[in-house]
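One file, query-v6.csv, carrying CSV, C-alpha atoms and all ligand atoms:
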chain,number,residue,atom,x,y,z
B,1,MET,CA,247.9,101.6,225.3
B,2,ALA,CA,247.8,104.0,228.3
B,3,ASP,CA,248.1,106.9,225.9
B,4,VAL,CA,245.3,105.6,223.7
B,5,LEU,CA,243.1,105.2,226.8
B,6,ARG,CA,244.0,108.7,228.1
B,7,ARG,CA,243.1,110.2,224.7
B,8,HIS,CA,239.9,108.3,224.7
B,9,ILE,CA,239.0,109.7,228.2
B,10,LEU,CA,240.0,113.2,227.2
B,11,GLN,CA,237.9,113.0,224.0
B,12,THR,CA,234.9,111.6,225.9
B,13,GLY,CA,235.3,114.3,228.5
B,14,LEU,CA,235.6,117.0,225.9
B,15,MET,CA,232.5,115.7,224.1
B,16,ALA,CA,230.6,115.7,227.4
B,17,ALA,CA,231.8,119.2,228.1
B,18,VAL,CA,230.8,120.4,224.6
B,19,ALA,CA,227.4,118.6,224.9
B,20,SER,CA,226.7,120.2,228.3
B,21,GLY,CA,228.1,123.5,227.1
B,22,ALA,CA,225.8,123.4,224.1
B,23,ALA,CA,222.8,122.5,226.2
B,24,GLY,CA,223.7,125.3,228.7
B,25,ALA,CA,224.0,127.7,225.8
B,26,LEU,CA,220.5,126.7,224.6
B,27,VAL,CA,219.0,127.2,228.0
B,28,VAL,CA,220.8,130.5,228.4
B,29,ARG,CA,219.6,131.8,225.0
B,30,LYS,CA,216.0,130.8,225.8
B,31,ASN,CA,216.1,132.7,229.1
B,32,MET,CA,217.7,135.7,227.6
B,33,GLY,CA,215.2,136.1,224.8
B,34,THR,CA,216.2,137.2,221.3
B,35,LEU,CA,216.4,140.6,219.7
B,36,GLN,CA,213.8,139.5,217.2
B,37,GLU,CA,211.3,138.7,220.0
B,38,TYR,CA,212.3,141.9,221.6
B,39,GLY,CA,211.8,143.9,218.4
B,40,GLU,CA,208.3,142.4,217.9
B,41,TRP,CA,207.4,143.4,221.5
B,42,MET,CA,208.8,146.8,220.9
B,43,ALA,CA,206.8,147.2,217.7
B,44,SER,CA,203.6,146.6,219.6
B,45,ILE,CA,204.5,149.4,222.0
B,46,ARG,CA,205.8,151.9,219.4
B,47,ARG,CA,202.6,152.2,217.4
B,48,LEU,CA,201.1,155.4,216.2
B,49,PRO,CA,197.3,155.1,216.5
B,50,ASP,CA,195.0,156.8,213.9
B,51,THR,CA,192.7,158.1,216.6
B,52,ALA,CA,192.8,158.2,220.4
B,53,THR,CA,189.4,157.6,222.0
B,54,ASP,CA,190.7,157.4,225.5
B,55,LEU,CA,193.4,159.0,227.6
B,56,SER,CA,195.5,155.8,228.0
B,57,GLN,CA,196.4,156.0,224.3
B,58,LEU,CA,197.8,159.5,224.8
B,59,VAL,CA,199.6,158.3,227.9
B,60,ALA,CA,201.1,155.4,226.1
B,61,LEU,CA,202.7,157.8,223.6
B,62,ALA,CA,203.8,160.2,226.3
B,63,THR,CA,205.8,157.4,228.0
B,64,LEU,CA,208.0,157.0,225.0
B,65,ALA,CA,209.7,160.2,226.0
B,66,PRO,CA,213.4,160.2,227.0
B,67,ASN,CA,214.0,159.9,230.7
B,68,SER,CA,217.1,159.5,232.9
B,69,HIS,CA,218.3,155.9,233.3
B,70,ASN,CA,214.9,154.9,231.7
B,71,THR,CA,213.4,154.8,235.2
B,72,GLN,CA,210.2,156.4,233.8
B,73,PRO,CA,209.7,158.4,237.0
B,74,TRP,CA,206.1,159.5,236.3
B,75,THR,CA,202.5,158.9,237.1
B,76,PHE,CA,199.5,160.0,235.0
B,77,ARG,CA,196.3,160.7,237.0
B,78,ALA,CA,193.0,161.4,235.3
B,79,ALA,CA,191.1,164.2,237.0
B,80,ALA,CA,187.7,165.8,236.5
B,81,GLY,CA,187.1,168.0,233.5
B,82,ASN,CA,189.2,166.0,231.0
B,83,ARG,CA,192.3,166.8,232.9
B,84,LEU,CA,195.4,164.7,233.2
B,85,LEU,CA,197.9,165.3,236.0
B,86,LEU,CA,201.5,164.4,235.4
B,87,GLN,CA,203.2,163.8,238.7
B,88,PRO,CA,206.7,162.6,239.6
B,89,ASP,CA,207.0,159.0,240.8
B,90,LEU,CA,209.5,159.5,243.7
B,91,ASN,CA,209.9,155.8,244.1
B,92,ARG,CA,211.8,156.0,240.9
B,93,ARG,CA,214.4,158.5,241.9
B,94,THR,CA,218.1,158.0,241.2
B,95,PRO,CA,219.6,159.7,244.3
B,96,VAL,CA,223.2,159.2,243.4
B,97,VAL,CA,223.3,160.6,239.9
B,98,ASP,CA,220.4,163.0,240.5
B,99,PRO,CA,220.3,164.0,244.2
B,100,ASP,CA,218.1,167.1,243.7
B,101,ASP,CA,215.7,165.4,241.2
B,102,HIS,CA,216.7,167.7,238.4
B,103,HIS,CA,216.8,164.9,235.8
B,104,LEU,CA,213.5,163.5,237.3
B,105,PHE,CA,211.7,166.8,236.5
B,106,VAL,CA,213.4,167.2,233.1
B,107,SER,CA,212.1,163.7,232.3
B,108,LEU,CA,208.6,164.7,233.4
B,109,GLY,CA,208.8,167.7,231.1
B,110,CYS,CA,209.9,165.5,228.2
B,111,ALA,CA,206.8,163.3,228.8
B,112,ALA,CA,204.6,166.4,229.0
B,113,GLU,CA,205.8,167.7,225.7
B,114,THR,CA,205.3,164.3,224.1
B,115,LEU,CA,201.8,164.2,225.4
B,116,ALA,CA,201.1,167.7,223.9
B,117,VAL,CA,202.4,166.6,220.5
B,118,ALA,CA,200.4,163.3,220.6
B,119,ALA,CA,197.2,165.1,221.6
B,120,MET,CA,197.5,167.6,218.8
B,121,GLY,CA,198.3,164.8,216.3
B,122,LEU,CA,195.3,162.8,217.4
B,123,GLY,CA,192.7,165.6,217.4
B,124,TRP,CA,192.7,166.8,221.0
B,125,SER,CA,193.2,170.3,222.2
B,126,CYS,CA,195.8,170.4,225.0
B,127,ASP,CA,196.6,173.3,227.4
B,128,MET,CA,199.4,172.7,229.9
B,129,GLU,CA,200.4,174.3,233.1
B,130,THR,CA,203.2,173.5,235.4
B,131,ASP,CA,203.0,174.5,239.1
B,132,ALA,CA,206.0,175.5,241.3
B,133,SER,CA,206.2,171.9,242.6
B,134,GLY,CA,206.8,170.6,239.0
B,135,GLU,CA,203.4,169.0,238.7
B,136,VAL,CA,201.9,169.4,235.2
B,137,THR,CA,198.2,169.7,234.5
B,138,ALA,CA,197.1,168.9,230.9
B,139,SER,CA,193.6,170.1,230.1
B,140,LEU,CA,192.4,168.1,227.1
B,141,GLY,CA,189.4,168.6,224.9
B,142,PRO,CA,188.0,167.9,221.5
B,143,GLY,CA,189.9,169.6,218.8
B,144,LYS,CA,191.0,169.3,215.2
B,145,ALA,CA,193.8,166.8,214.4
B,146,ARG,CA,196.8,168.8,213.4
B,147,PRO,CA,199.5,166.1,213.0
B,148,ASP,CA,202.9,167.7,212.2
B,149,ALA,CA,206.3,166.2,211.5
B,150,LEU,CA,206.9,165.8,215.3
B,151,PHE,CA,204.0,163.5,215.7
B,152,PRO,CA,205.4,160.4,213.9
B,153,ALA,CA,208.8,161.2,215.4
B,154,ILE,CA,207.4,160.3,218.9
B,155,VAL,CA,207.7,156.6,218.0
B,156,ASP,CA,210.9,156.9,215.9
B,157,ARG,CA,213.0,158.9,218.4
B,158,GLN,CA,215.6,157.1,220.5
B,159,SER,CA,218.8,157.9,222.3
B,160,THR,CA,221.2,156.5,219.8
B,161,ARG,CA,224.4,155.7,221.7
B,162,SER,CA,226.6,154.7,218.8
B,163,THR,CA,229.4,156.4,216.9
B,164,TYR,CA,228.0,158.8,214.2
B,165,ASP,CA,229.6,159.6,210.9
B,166,ALA,CA,230.6,163.3,211.6
B,167,ARG,CA,228.7,164.6,208.6
B,168,PRO,CA,227.7,168.3,209.2
B,169,VAL,CA,224.0,169.1,209.6
B,170,PRO,CA,222.6,171.3,206.7
B,171,ILE,CA,221.9,174.8,207.6
B,172,ASP,CA,218.1,174.6,207.3
B,173,ASP,CA,218.0,171.7,209.7
B,174,MET,CA,220.3,173.6,212.1
B,175,ILE,CA,217.9,176.6,212.0
B,176,ALA,CA,214.9,174.2,212.7
B,177,LEU,CA,216.9,172.8,215.7
B,178,VAL,CA,217.6,176.2,217.1
B,179,ASP,CA,214.0,177.2,216.7
B,180,ALA,CA,212.8,174.1,218.5
B,181,GLY,CA,215.4,174.2,221.2
B,182,THR,CA,214.9,177.7,222.5
B,183,ALA,CA,212.0,179.3,224.5
B,184,PRO,CA,211.7,182.2,226.9
B,185,GLY,CA,214.0,181.5,229.8
B,186,ILE,CA,215.7,178.6,228.1
B,187,ASN,CA,219.1,179.2,226.3
B,188,LEU,CA,220.6,176.8,223.8
B,189,ALA,CA,224.3,176.7,223.0
B,190,LEU,CA,225.2,174.8,219.8
B,191,MET,CA,228.8,173.6,219.3
B,192,THR,CA,229.7,172.4,215.9
B,193,GLU,CA,233.2,173.6,215.3
B,194,PRO,CA,235.9,170.9,215.7
B,195,ARG,CA,237.7,173.0,218.4
B,196,GLU,CA,234.5,173.4,220.4
B,197,ARG,CA,233.7,169.7,220.0
B,198,SER,CA,237.1,168.6,221.2
B,199,GLN,CA,236.9,170.9,224.3
B,200,MET,CA,233.5,169.4,225.1
B,201,ARG,CA,234.9,165.9,224.5
B,202,ASP,CA,237.6,166.5,227.1
B,203,LEU,CA,235.0,167.7,229.6
B,204,ILE,CA,232.7,164.8,229.0
B,205,VAL,CA,235.5,162.3,229.3
B,206,ALA,CA,236.8,163.9,232.5
B,207,ALA,CA,233.3,163.8,234.1
B,208,ASN,CA,232.7,160.3,232.9
B,209,THR,CA,236.0,159.2,234.5
B,210,ALA,CA,235.0,160.9,237.8
B,211,GLN,CA,231.6,159.2,237.7
B,212,THR,CA,232.8,155.7,237.0
B,213,ALA,CA,235.4,155.9,239.7
B,214,ASP,CA,232.6,156.4,242.2
B,215,PRO,CA,231.3,153.0,243.6
B,216,GLU,CA,227.9,154.5,244.5
B,217,PHE,CA,227.4,155.8,241.0
B,218,ARG,CA,228.3,152.5,239.5
B,219,ALA,CA,226.1,150.5,241.9
B,220,GLU,CA,223.1,152.8,241.0
B,221,LEU,CA,223.8,152.5,237.3
B,222,LYS,CA,224.2,148.7,237.6
B,223,SER,CA,220.7,148.4,239.3
B,224,TRP,CA,219.1,149.9,236.2
B,225,MET,CA,221.1,147.8,233.7
B,226,ARG,CA,219.0,145.2,231.8
B,227,TYR,CA,221.4,142.6,230.3
B,228,ASN,CA,219.2,140.8,227.9
B,229,PRO,CA,215.9,141.2,226.1
B,230,THR,CA,213.9,139.0,228.5
B,231,SER,CA,215.0,141.1,231.5
B,232,ALA,CA,214.1,144.3,229.6
B,233,MET,CA,210.7,142.9,228.6
B,234,ASN,CA,210.0,141.7,232.2
B,235,ASN,CA,210.9,144.9,233.8
B,236,GLY,CA,209.8,147.3,231.1
B,237,ASP,CA,212.4,149.8,232.2
B,238,GLY,CA,216.1,150.4,232.6
B,239,LEU,CA,219.0,150.4,230.2
B,240,LEU,CA,219.1,147.4,227.8
B,241,THR,CA,222.7,146.5,226.9
B,242,ALA,CA,221.8,146.0,223.2
B,243,ALA,CA,220.4,149.6,223.1
B,244,THR,CA,223.9,150.8,224.0
B,245,GLY,CA,225.5,148.6,221.3
B,246,ASN,CA,226.7,146.0,223.8
B,247,PRO,CA,226.1,142.2,223.8
B,248,SER,CA,223.3,140.5,225.7
B,249,LEU,CA,224.3,138.4,228.7
B,250,PRO,CA,222.5,136.1,231.1
B,251,ASP,CA,221.2,137.9,234.2
B,252,TRP,CA,223.6,136.0,236.5
B,253,ILE,CA,226.7,137.0,234.5
B,254,GLY,CA,225.7,140.6,233.6
B,255,PRO,CA,226.4,142.3,236.9
B,256,ARG,CA,229.7,140.5,237.3
B,257,ALA,CA,230.7,141.3,233.7
B,258,PHE,CA,229.8,145.0,234.5
B,259,ASP,CA,232.5,145.0,237.2
B,260,LEU,CA,235.0,142.5,235.8
B,261,PHE,CA,235.3,143.6,232.2
B,262,TYR,CA,234.9,147.3,232.7
B,263,ASP,CA,237.9,148.9,231.0
B,264,PRO,CA,238.3,152.6,231.8
B,265,ASP,CA,240.6,153.2,228.8
B,266,ALA,CA,238.3,151.5,226.3
B,267,GLU,CA,235.3,153.4,227.8
B,268,THR,CA,237.2,156.7,227.5
B,269,ASP,CA,238.1,156.0,223.8
B,270,LYS,CA,234.5,155.0,223.1
B,271,ILE,CA,233.0,158.2,224.6
B,272,ALA,CA,235.7,160.4,222.9
B,273,GLN,CA,234.9,158.8,219.6
B,274,GLN,CA,231.1,159.2,220.1
B,275,VAL,CA,231.5,162.9,220.8
B,276,THR,CA,234.0,163.7,218.0
B,277,SER,CA,231.9,161.7,215.4
B,278,SER,CA,228.9,163.8,216.3
B,279,SER,CA,227.9,166.7,214.0
B,280,GLY,CA,227.4,168.9,217.0
B,281,LEU,CA,226.5,169.3,220.7
B,282,ALA,CA,223.6,171.2,222.2
B,283,VAL,CA,223.7,172.5,225.7
B,284,PHE,CA,220.4,173.6,227.3
B,285,VAL,CA,220.7,176.2,230.1
B,286,ALA,CA,217.6,177.5,231.9
B,287,GLU,CA,217.7,180.9,233.5
B,288,GLU,CA,215.8,179.7,236.6
B,289,SER,CA,216.3,176.7,238.8
B,290,GLY,CA,213.8,174.4,240.5
B,291,PRO,CA,211.2,171.8,239.4
B,292,GLN,CA,209.0,174.2,237.3
B,293,ALA,CA,212.0,175.4,235.3
B,294,TRP,CA,213.4,171.9,234.9
B,295,VAL,CA,210.0,170.7,233.5
B,296,GLN,CA,210.2,173.5,231.0
B,297,VAL,CA,213.8,172.5,230.0
B,298,GLY,CA,212.5,168.9,229.4
B,299,ARG,CA,209.6,170.3,227.2
B,300,VAL,CA,212.0,172.3,225.1
B,301,ALA,CA,214.6,169.6,224.8
B,302,GLN,CA,212.0,167.1,223.7
B,303,ARG,CA,210.9,169.5,220.9
B,304,PHE,CA,214.6,169.7,219.9
B,305,LEU,CA,214.9,165.9,219.9
B,306,LEU,CA,211.7,165.3,218.0
B,307,THR,CA,212.6,167.9,215.4
B,308,ALA,CA,216.0,166.2,215.0
B,309,THR,CA,214.3,162.8,214.6
B,310,ALA,CA,211.8,164.1,212.0
B,311,ARG,CA,214.8,165.4,210.0
B,312,GLY,CA,216.7,162.1,210.1
B,313,ILE,CA,219.2,163.3,212.8
B,314,LYS,CA,220.1,161.0,215.6
B,315,SER,CA,220.7,162.2,219.2
B,316,ALA,CA,222.0,161.0,222.5
B,317,PHE,CA,222.5,162.6,225.9
B,318,VAL,CA,226.0,163.1,227.2
B,319,ASN,CA,225.2,164.6,230.6
B,320,GLN,CA,228.2,163.7,232.5
B,321,PRO,CA,229.5,167.3,233.0
B,322,VAL,CA,226.0,168.3,234.3
B,323,GLU,CA,225.8,165.4,236.7
B,324,VAL,CA,229.2,165.9,238.3
B,325,ALA,CA,228.3,169.1,240.1
B,326,TRP,CA,231.8,170.6,240.5
B,327,MET,CA,232.1,170.5,236.7
B,328,ARG,CA,229.1,172.6,235.9
B,329,PRO,CA,230.9,176.0,236.2
B,330,ALA,CA,233.4,174.9,233.6
B,331,LEU,CA,230.6,173.8,231.3
B,332,ALA,CA,228.7,177.1,231.9
B,333,ALA,CA,231.9,179.1,231.1
B,334,MET,CA,232.5,177.0,228.0
B,335,VAL,CA,229.1,177.9,226.5
B,336,GLY,CA,229.5,181.6,227.5
B,337,LEU,CA,226.9,181.5,230.3
B,338,PRO,CA,229.1,181.8,233.5
B,339,GLY,CA,227.2,181.6,236.7
B,340,GLN,CA,224.3,179.7,235.3
B,341,ARG,CA,223.5,176.0,235.8
B,342,PRO,CA,223.6,174.0,232.6
B,343,ASN,CA,220.8,171.4,232.4
B,344,LEU,CA,221.4,169.1,229.5
B,345,VAL,CA,224.1,168.1,227.0
B,346,VAL,CA,222.9,166.4,223.9
B,347,ARG,CA,225.0,165.3,220.9
B,348,PHE,CA,223.5,164.9,217.5
B,349,GLY,CA,224.4,163.6,214.0
B,350,TYR,CA,223.9,160.7,211.7
B,351,GLY,CA,224.2,157.1,212.7
B,352,PRO,CA,222.4,153.7,212.7
B,353,THR,CA,219.2,152.9,214.5
B,354,LEU,CA,219.9,150.7,217.5
B,355,PRO,CA,217.4,148.5,219.4
B,356,TYR,CA,214.8,150.7,221.3
B,357,SER,CA,214.6,151.0,225.0
B,358,PRO,CA,211.8,149.2,226.9
B,359,ARG,CA,208.8,150.8,228.4
B,360,ARG,CA,206.4,149.7,231.1
B,361,PRO,CA,202.8,148.9,230.3
B,362,VAL,CA,200.5,151.9,230.3
B,363,GLU,CA,198.4,150.6,233.2
B,364,THR,CA,201.3,150.7,235.5
B,365,VAL,CA,201.8,154.4,235.1
B,366,MET,CA,198.2,155.5,235.3
B,367,ALA,CA,196.9,156.2,238.7
F,401,LIG,C1,217.3,164.2,232.0
F,401,LIG,C2,217.9,163.1,231.2
F,401,LIG,C3,219.3,162.8,231.4
F,401,LIG,C4,219.8,161.8,230.7
F,401,LIG,N1,221.2,161.5,230.8
F,401,LIG,C5,221.8,160.6,230.0
F,401,LIG,C6,223.2,160.4,230.0
F,401,LIG,O1,223.9,161.1,230.7
F,401,LIG,N2,223.8,159.4,229.2
F,401,LIG,C7,223.0,158.7,228.4
F,401,LIG,O2,223.5,157.8,227.7
F,401,LIG,N3,221.6,158.8,228.4
F,401,LIG,C8,221.0,159.8,229.1
F,401,LIG,N4,219.7,160.0,229.0
F,401,LIG,C9,218.9,159.2,228.1
F,401,LIG,C10,218.1,158.1,228.8
F,401,LIG,O3,219.0,157.1,229.3
F,401,LIG,C11,217.1,157.5,227.8
F,401,LIG,O4,216.2,158.5,227.4
F,401,LIG,C12,216.4,156.3,228.3
F,401,LIG,O5,217.2,155.2,228.5
F,401,LIG,C13,215.2,155.9,227.4
F,401,LIG,O6,215.7,155.6,226.1
F,401,LIG,P1,215.3,156.4,224.8
F,401,LIG,O7,215.6,157.8,224.9
F,401,LIG,O8,216.0,155.7,223.7
F,401,LIG,O9,213.8,156.2,224.7
F,401,LIG,C14,219.1,161.0,229.7
F,401,LIG,C15,217.7,161.4,229.6
F,401,LIG,C16,217.2,162.4,230.3
F,401,LIG,C17,215.7,162.8,230.0

Show me the file's structure as structure tokens.
Ligand SMILES: Cc1cc2nc3c(=O)[nH]c(=O)nc-3n(C[C@H](O)[C@H](O)[C@H](O)COP(=O)(O)O)c2cc1C
Amino acid sequence: MADVLRRHILQTGLMAAVASGAAGALVVRKNMGTLQEYGEWMASIRRLPDTATDLSQLVALATLAPNSHNTQPWTFRAAAGNRLLLQPDLNRRTPVVDPDDHHLFVSLGCAAETLAVAAMGLGWSCDMETDASGEVTASLGPGKARPDALFPAIVDRQSTRSTYDARPVPIDDMIALVDAGTAPGINLALMTEPRERSQMRDLIVAANTAQTADPEFRAELKSWMRYNPTSAMNNGDGLLTAATGNPSLPDWIGPRAFDLFYDPDAETDKIAQQVTSSSGLAVFVAEESGPQAWVQVGRVAQRFLLTATARGIKSAFVNQPVEVAWMRPALAAMVGLPGQRPNLVVRFGYGPTLPYSPRRPVETVMA
């Protein structure tokens, strides 16, 4: 009798737990949002207009540019004479990973180049100048629409942080990438041979291990993580876990899971696999240093990324050996440019499209 009673209590308790668990799961899912809702929101942001009658439409496209930690560290200020000033938003610095604002100005350059491609595609003329402080002035005027293959690539491009399929890139596409990724003062080293890729893999893994062992680096990264679609949509910035191929989590679990379930060995294996499954790696090295040169690196890199996208080639940044300052000389030597400061490392190849990263509403970036 006692056993029967105990079993009954257990069963009742279990039912209650399942019931409350199920209810909890429902609440959690509602708060987290779904990837479908997120995809619909994203589609409304990643639209290519037929015409642009005001500057905000151009700015909206420019904000789809890649940028470090997806902080979107920029402000667009309309000025007299159809000019648009692109200025850094220093409230969106990431002082640990980017103490000298190198990435911040590269990101500004990526936005500037996206603006230029958008303007040309939508029938505006666009002349750009970057001053020594890194501020960009875009002089816009009426022009003839000359949309090229890079124009639709603005909305299609993403940093695809998945494993690729290791297929080599055909030679005509490689030539187009070299053409897009070089400019006066900007060198591009392409590494496609298995030996080169495995050397680079070892450097990236070593730099990643150094970064993730640093509590300040982890804390800064964590502050830009968005663990579910609702959080990404509410903030409009940061790194959505689904965009890195990871599951969504409630906000209250996400930061704890980040610490608790972080497995250095699994992370190392994942990064190593991502690098070796890439068709190649591109290292950008500017001859000069400072905000003006870094904006230029961003402009050239974005042409490279848009060209890749237009040709069905995915890409993602693996900047760890650039971010860990003491590893830069080894990287520079590896690409045959000893003594210079490497700016960016990008891997490219063929892989699936992942959920896109969020963006802030255009009003919040226009001054
Ligand atoms: C200067 C710069 C540095 C970046 N460094 C990294 C990096 O080391 N690792 C990474 O996964 N993504 C890196 N990114 C990619 C950004 O995280 C990405 O652009 C941002 O999250 C927006 O996503 P999207 O490129 O898909 O639009 C970098 C981007 C820029 C412009």

* Residues within 7 Å of ligand LIG 401 (chain F) should be enumerated using all atoms listed in the file and returned as a ChimeraX atom specification. => /B:64-70,103-104,106-107,110,157-161,238-239,298,316-320,344,356-357

* Structure fact -> Residue with the minimum atom-to-atom distance to Asp202 (chain B), picked from B:Thr276, B:Ile175, B:Asp237, B:Leu354 with only C-alpha atoms counted, is B:Thr276

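For the atom pair formed by CA of Gly39 (chain B) and CA of Asn246 (chain B), the distance is 16.0 Å, given to one decimal.
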
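Of note, CA of Ala219 (chain B) and CA of Thr63 (chain B) are spaced 25.6 Å apart.
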
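Among the candidate residues B:Gln296, B:Thr268, B:Ser44, B:Ser223, the one lying nearest to Ala132 (chain B) is B:Gln296, with distances computed using all atoms listed in the file.
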
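When all atoms listed in the file are used to compute distances to Gly245 (chain B), the closest of the residues B:Tyr227, B:Leu140, B:Asp173, B:Thr53 turns out to be B:Tyr227.
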
For region 206-239 of chain B versus region 321-327 of chain B, which residues have an atom no more than 12 Å away, and what is each residue's nearest atom pair and distance in Å rounded to one decimal, using all atoms listed in the file, chain-then-number order, as CSV?
residue,atom,partner,partner_atom,distance
B:Ala206,CA,B:Pro321,CA,8.1
B:Ala207,CA,B:Pro321,CA,5.3
B:Asn208,CA,B:Pro321,CA,7.7
B:Thr209,CA,B:Val324,CA,10.3
B:Ala210,CA,B:Val324,CA,7.7
B:Gln211,CA,B:Val324,CA,7.1
B:Thr212,CA,B:Val324,CA,10.9
B:Ala213,CA,B:Val324,CA,11.8
B:Asp214,CA,B:Val324,CA,10.8
B:Phe217,CA,B:Val324,CA,10.6

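CA of Gly109 (chain B) is positioned 25.4 Å from CA of Val275 (chain B).
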
May I have the residues within 7 Å of Phe304 (chain B) as a PDB file with C-alpha atoms, in the coordinates of the input, using only C-alpha atoms and disregarding those fewer than 5 positions away in the same chain?
ATOM      1  CA  LEU B 177     216.900 172.800 215.700  1.00  0.00           C
ATOM      2  CA  ALA B 180     212.800 174.100 218.500  1.00  0.00           C
ATOM      3  CA  GLY B 181     215.400 174.200 221.200  1.00  0.00           C
TER       4      GLY B 181
END

* Asked: Of the candidates B:Phe348, B:Phe105, B:Phe151, B:Tyr164, which one gets nearest to Arg299 (chain B) if we count all atoms listed in the file?
  -> B:Phe105

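In this comparison, which uses all atoms listed in the file, the residue of B:Ser277, B:Trp41, B:Arg359, B:Leu35 approaching Asn235 (chain B) most closely is B:Arg359.
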
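Distances to Ala242 (chain B) were evaluated for B:Pro88, B:Gly81, B:Pro229, B:Gly134 using only C-alpha atoms, and the minimum falls at B:Pro229.
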
* To do: Compile the contact shell of Met366 (chain B) as a ChimeraX atom specification: residues with an atom at most 8 Å away, counting all atoms listed in the file, same-chain residues fewer than 5 positions apart removed.
  => /B:56,75-78

Using C-alpha atoms, give me region 221-237 of chain B from the structure I just pasted, as a tab-separated table (two decimals), in the first residue's frame.
chain	number	residue	atom	x	y	z
B	221	LEU	CA	32.84	39.51	-25.93
B	222	LYS	CA	30.09	38.33	-23.57
B	223	SER	CA	28.67	41.87	-23.36
B	224	TRP	CA	28.11	41.82	-27.14
B	225	MET	CA	26.57	38.33	-27.27
B	226	ARG	CA	22.86	38.16	-28.10
B	227	TYR	CA	21.57	34.77	-27.04
B	228	ASN	CA	18.22	34.69	-28.81
B	229	PRO	CA	16.30	36.41	-31.64
B	230	THR	CA	14.30	38.69	-29.30
B	231	SER	CA	17.48	40.03	-27.72
B	232	ALA	CA	19.04	40.58	-31.17
B	233	MET	CA	15.91	42.37	-32.44
B	234	ASN	CA	15.60	44.54	-29.31
B	235	ASN	CA	19.25	45.59	-29.34
B	236	GLY	CA	19.76	45.63	-33.12
B	237	ASP	CA	23.45	44.90	-32.64
